[in-house]
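File shown: data06.txt (compact mmCIF, C-alpha atoms).
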```
# COMPACT_ATOMS: atom_id res chain seq x y z
CA MET G 27 57.98 134.00 81.23
CA THR G 28 57.23 137.46 82.55
CA THR G 29 53.90 139.05 83.43
CA LEU G 30 53.14 142.77 83.08
CA ASP G 31 50.30 143.83 85.36
CA PRO G 32 49.95 147.34 86.81
CA ARG G 33 48.38 145.83 89.95
CA ASP G 34 51.69 144.14 90.82
CA GLY G 35 53.18 147.54 91.64
CA HIS G 36 56.64 146.63 90.39
CA VAL G 37 59.32 149.15 89.52
CA VAL G 38 60.32 148.81 85.86
CA LEU G 39 63.84 149.46 84.62
CA ILE G 40 64.12 149.99 80.87
CA ASN G 41 67.84 150.05 80.14
CA THR G 42 68.71 150.84 76.51
CA PHE G 43 72.23 149.87 75.45
CA THR G 44 73.71 151.24 72.22
CA VAL G 45 75.97 148.41 71.13
CA LYS G 46 79.17 148.45 69.12
CA PRO G 47 78.63 147.12 65.56
CA GLY G 48 77.96 143.36 65.52
CA ARG G 49 78.14 142.90 69.31
CA ALA G 50 74.42 142.61 70.22
CA ASP G 51 74.38 138.80 70.52
CA GLU G 52 77.42 138.83 72.82
CA LEU G 53 75.81 141.44 75.03
CA VAL G 54 72.59 139.43 75.32
CA LYS G 55 74.61 136.34 76.29
CA LEU G 56 76.61 138.30 78.86
CA LEU G 57 73.53 139.91 80.47
CA ALA G 58 71.62 136.60 80.43
CA ASN G 59 74.51 134.84 82.17
CA ALA G 60 74.82 137.62 84.74
CA THR G 61 71.11 137.21 85.48
CA ASP G 62 71.13 133.42 85.61
CA ARG G 63 74.25 133.22 87.76
CA GLY G 64 73.66 135.96 90.27
CA ILE G 65 71.33 138.91 89.74
CA ARG G 66 68.21 136.73 89.95
CA ASN G 67 69.12 135.76 93.51
CA LEU G 68 69.29 139.34 94.78
CA PRO G 69 66.44 140.50 97.02
CA GLY G 70 63.54 142.06 95.11
CA PHE G 71 64.43 140.65 91.67
CA VAL G 72 61.24 139.92 89.72
CA SER G 73 62.31 139.54 86.07
CA ALA G 74 64.78 140.42 83.32
CA ASN G 75 63.85 140.46 79.63
CA LEU G 76 66.44 141.03 76.91
CA HIS G 77 65.59 142.43 73.49
CA VAL G 78 67.61 143.09 70.32
CA SER G 79 66.51 145.74 67.82
CA PHE G 80 65.91 144.59 64.23
CA ASP G 81 68.83 146.75 63.06
CA GLY G 82 71.14 145.22 65.70
CA SER G 83 72.18 148.60 67.11
CA LYS G 84 70.33 148.41 70.43
CA VAL G 85 69.77 145.96 73.25
CA VAL G 86 67.07 146.64 75.84
CA ASN G 87 66.73 145.07 79.25
CA TYR G 88 63.15 145.38 80.49
CA ALA G 89 63.56 144.43 84.16
CA GLN G 90 61.10 144.37 87.03
CA TRP G 91 62.05 144.94 90.67
CA ARG G 92 59.87 144.75 93.76
CA SER G 93 60.80 148.29 94.85
CA LYS G 94 63.05 151.22 94.03
CA GLU G 95 65.12 150.39 97.13
CA ASP G 96 65.73 146.83 95.89
CA PHE G 97 66.75 148.18 92.49
CA GLU G 98 69.21 150.66 94.04
CA ARG G 99 70.66 147.99 96.33
CA MET G 100 71.30 145.83 93.26
CA ARG G 101 73.10 148.70 91.46
CA SER G 102 75.59 148.98 94.31
CA SER G 103 76.06 145.21 94.76
CA ASP G 104 79.28 143.35 93.96
CA GLU G 105 77.18 141.00 91.80
CA PHE G 106 76.29 143.94 89.54
CA LYS G 107 79.66 145.67 89.59
CA LYS G 108 81.65 142.62 88.54
CA HIS G 109 79.98 142.62 85.08
CA THR G 110 80.43 146.33 84.41
CA ALA G 111 83.80 146.16 82.62
CA ASP G 112 82.68 143.27 80.37
CA VAL G 113 79.48 145.13 79.41
CA GLU G 114 81.35 148.38 78.72
CA ALA G 115 83.64 146.59 76.25
CA LEU G 116 80.62 145.82 74.04
CA ILE G 117 78.71 149.10 74.13
CA GLU G 118 78.93 152.73 73.14
CA GLY G 119 76.53 153.87 75.85
CA PHE G 120 73.49 153.02 77.90
CA GLU G 121 70.48 154.83 79.31
CA PRO G 122 68.74 153.29 82.33
CA VAL G 123 65.34 154.82 83.17
CA LEU G 124 62.99 153.78 85.99
CA TYR G 125 59.28 153.55 85.22
CA GLU G 126 55.96 152.72 86.78
CA LEU G 127 53.56 150.55 84.72
CA ARG G 128 50.24 152.36 84.50
CA TYR G 129 48.17 150.55 81.85
CA SER G 130 48.18 147.15 80.23
CA HIS G 131 45.83 145.75 77.63
CA ALA G 132 46.39 142.38 75.99
CA VAL G 133 44.40 140.03 73.82
CA GLU G 134 43.66 136.78 75.58
CA ARG G 135 46.29 134.10 75.16
CA GLU G 136 45.19 130.85 73.62
CA GLY G 137 44.77 128.29 76.35
CA ALA G 138 45.38 130.83 79.12
CA PRO G 139 43.27 130.66 82.25
CA ALA G 140 40.45 133.22 82.24
CA MET O 15 47.78 141.54 81.76
CA THR O 16 50.61 140.96 79.31
CA THR O 17 52.94 138.00 78.98
CA LEU O 18 56.55 138.23 77.78
CA ASP O 19 57.78 134.94 76.38
CA PRO O 20 60.45 134.66 73.67
CA ARG O 21 58.68 131.54 72.32
CA ASP O 22 55.67 133.64 71.30
CA GLY O 23 57.75 135.22 68.53
CA HIS O 24 56.08 138.60 68.82
CA VAL O 25 57.51 141.81 67.44
CA VAL O 26 58.08 144.32 70.25
CA LEU O 27 57.72 148.07 69.77
CA ILE O 28 59.34 150.16 72.48
CA ASN O 29 58.22 153.72 71.81
CA THR O 30 59.78 156.33 74.12
CA PHE O 31 57.96 159.66 74.26
CA THR O 32 59.67 162.71 75.76
CA VAL O 33 56.73 164.62 77.20
CA LYS O 34 56.22 168.32 77.77
CA PRO O 35 56.46 169.24 81.48
CA GLY O 36 53.51 167.97 83.48
CA ARG O 37 51.76 166.25 80.54
CA ALA O 38 52.62 162.56 81.20
CA ASP O 39 49.27 161.62 82.73
CA GLU O 40 47.36 163.17 79.84
CA LEU O 41 49.48 161.27 77.34
CA VAL O 42 48.87 157.97 79.14
CA LYS O 43 45.13 158.64 79.11
CA LEU O 44 45.17 159.53 75.42
CA LEU O 45 47.19 156.47 74.39
CA ALA O 46 45.09 154.18 76.60
CA ASN O 47 41.89 155.50 75.04
CA ALA O 48 43.31 155.12 71.54
CA THR O 49 44.13 151.49 72.37
CA ASP O 50 40.80 150.69 74.03
CA ARG O 51 38.71 152.33 71.33
CA GLY O 52 40.45 151.21 68.17
CA ILE O 53 44.05 150.02 68.01
CA ARG O 54 43.31 146.80 69.92
CA ASN O 55 40.93 145.73 67.16
CA LEU O 56 43.51 145.99 64.38
CA PRO O 57 44.83 142.71 62.98
CA GLY O 58 47.93 141.44 64.78
CA PHE O 59 47.53 143.53 67.94
CA VAL O 60 48.78 141.56 70.96
CA SER O 61 49.27 144.10 73.75
CA ALA O 62 50.02 147.69 74.75
CA ASN O 63 51.64 148.64 78.08
CA LEU O 64 52.05 152.24 79.14
CA HIS O 65 54.73 153.40 81.57
CA VAL O 66 55.60 156.75 83.16
CA SER O 67 59.15 157.49 84.35
CA PHE O 68 59.59 158.43 88.00
CA ASP O 69 60.73 161.91 86.99
CA GLY O 70 57.64 162.37 84.75
CA SER O 71 59.69 163.27 81.67
CA LYS O 72 59.12 160.08 79.67
CA VAL O 73 56.27 157.78 78.70
CA VAL O 74 57.01 154.40 77.17
CA ASN O 75 54.63 152.20 75.24
CA TYR O 76 55.85 148.59 75.30
CA ALA O 77 53.66 147.05 72.60
CA GLN O 78 53.56 143.56 71.12
CA TRP O 79 52.46 142.79 67.57
CA ARG O 80 52.10 139.44 65.86
CA SER O 81 54.42 140.41 63.01
CA LYS O 82 56.37 143.32 61.55
CA GLU O 83 53.82 143.49 58.71
CA ASP O 84 50.93 143.88 61.18
CA PHE O 85 52.84 146.63 62.97
CA GLU O 86 53.52 148.51 59.73
CA ARG O 87 49.90 148.16 58.61
CA MET O 88 48.83 149.74 61.93
CA ARG O 89 51.21 152.68 61.44
CA SER O 90 49.57 153.54 58.14
CA SER O 91 45.99 152.98 59.39
CA ASP O 92 43.43 155.77 59.83
CA GLU O 93 42.94 154.51 63.40
CA PHE O 94 46.56 155.38 64.17
CA LYS O 95 46.74 158.60 62.17
CA LYS O 96 43.73 160.20 63.77
CA HIS O 97 45.52 160.39 67.16
CA THR O 98 48.76 161.84 65.80
CA ALA O 99 47.93 165.55 66.24
CA ASP O 100 46.63 165.04 69.80
CA VAL O 101 49.78 163.12 70.78
CA GLU O 102 52.09 165.70 69.21
CA ALA O 103 50.52 168.47 71.29
CA LEU O 104 51.73 166.74 74.49
CA ILE O 105 55.27 165.70 73.52
CA GLU O 106 58.64 167.09 72.56
CA GLY O 107 59.63 163.99 70.62
CA PHE O 108 59.36 160.23 70.36
CA GLU O 109 61.59 157.33 69.38
CA PRO O 110 59.92 154.12 68.22
CA VAL O 111 62.24 151.09 67.95
CA LEU O 112 61.29 147.55 66.94
CA TYR O 113 62.78 144.67 68.91
CA GLU O 114 62.79 140.91 69.15
CA LEU O 115 62.54 139.39 72.65
CA ARG O 116 65.45 136.98 73.10
CA TYR O 117 65.57 136.08 76.80
CA SER O 118 63.19 136.17 79.71
CA HIS O 119 63.74 135.09 83.29
CA ALA O 120 61.20 135.67 86.02
CA VAL O 121 60.68 134.49 89.55
CA GLU O 122 57.58 132.38 89.89
CA ARG O 123 54.39 134.30 90.62
CA GLU O 124 52.54 133.36 93.76
CA GLY O 125 49.61 131.16 92.80
CA ALA O 126 50.68 130.98 89.16
CA PRO O 127 50.40 127.66 87.32
CA ALA O 128 53.74 125.84 87.07
```
Would you kindly transcribe this structure into structure tokens?
Amino acid sequence: MTTLDPRDGHVVLINTFTVKPGRADELVKLLANATDRGIRNLPGFVSANLHVSFDGSKVVNYAQWRSKEDFERMRSSDEFKKHTADVEALIEGFEPVLYELRYSHAVEREGAPA
Amino acid sequence: MTTLDPRDGHVVLINTFTVKPGRADELVKLLANATDRGIRNLPGFVSANLHVSFDGSKVVNYAQWRSKEDFERMRSSDEFKKHTADVEALIEGFEPVLYELRYSHAVEREGAPA
């Protein structure tokens, strides 16, 4: 479970993958495994959240990192690089963009602490 | 504060706006006001989360809705339509895509309930 709160000051990566036809589920599995088995242990990792578009053509990773430096260190890590070839086999392209969260408004969750 | 949890079953809109040079802050203010003053009261609204890219060229709204039907009803509402012209004055284009959240992994928050 991931929390979005501008006060946390996290760096947000929104990476949009355009997937080859019918390969979205495989890509989610691959990225989830890469997170569970390694990426989550890298310094500054906060969260990874994988989404599939309703038409199946896109997968988005909404990922939070503690700082831009931590994010960049991850991108040059062996842990990241070893998945690159497997990911590229499933996609037509990807567009990673770094964001800052500025505003968040949510209805209260049932049963959530006030 | 927004929570991302695949078990919630929310529909996720990731709307990427390409903004005119120097207009990102205005767009965030406009979209935040539109949310605070109206959109948040529409049926099925769960959350809106506004992001600005580090290079200032993109604004992303990561928004959660209870269902696809609620999202579509919002898109045809007067509340939504009345902001369209103001938004278009600040942007070069936008790409709204609907997603399903499939996977979420986060480190534990300090002081968060287990």
Tell me as a VMD selection string which residues belonging to chain O come within 6 Å of chain G, counting only C-alpha atoms.
chain O and resid 15 to 19 60 to 68 112 to 121
Within 8 Å of segment 103-107 of chain O, counting only C-alpha atoms, which residues show up once you throw out same-chain ones fewer than 3 positions away? Write them as a list in words, please.
Phe31, Thr32, Val33, Lys34, Arg37, Ala38, Glu40, Leu41, Ala99 and Asp100 of chain O
For Glu102 of chain O, which residue out of O:Lys82, O:Pro57, O:Met88, O:Leu44 is the nearest one, using all atoms listed in the file?
O:Leu44
Kindly list the centre and edge lengths in Å, rounded to one decimal, for the axis-aligned box that covers all listed atoms of segment 74-85 of chain O plus 8 Å on each of its six sides, as AutoDock Vina command-line options.
```
--center_x 54.0 --center_y 146.9 --center_z 67.9 --size_x 22.1 --size_y 31.0 --size_z 34.5
```
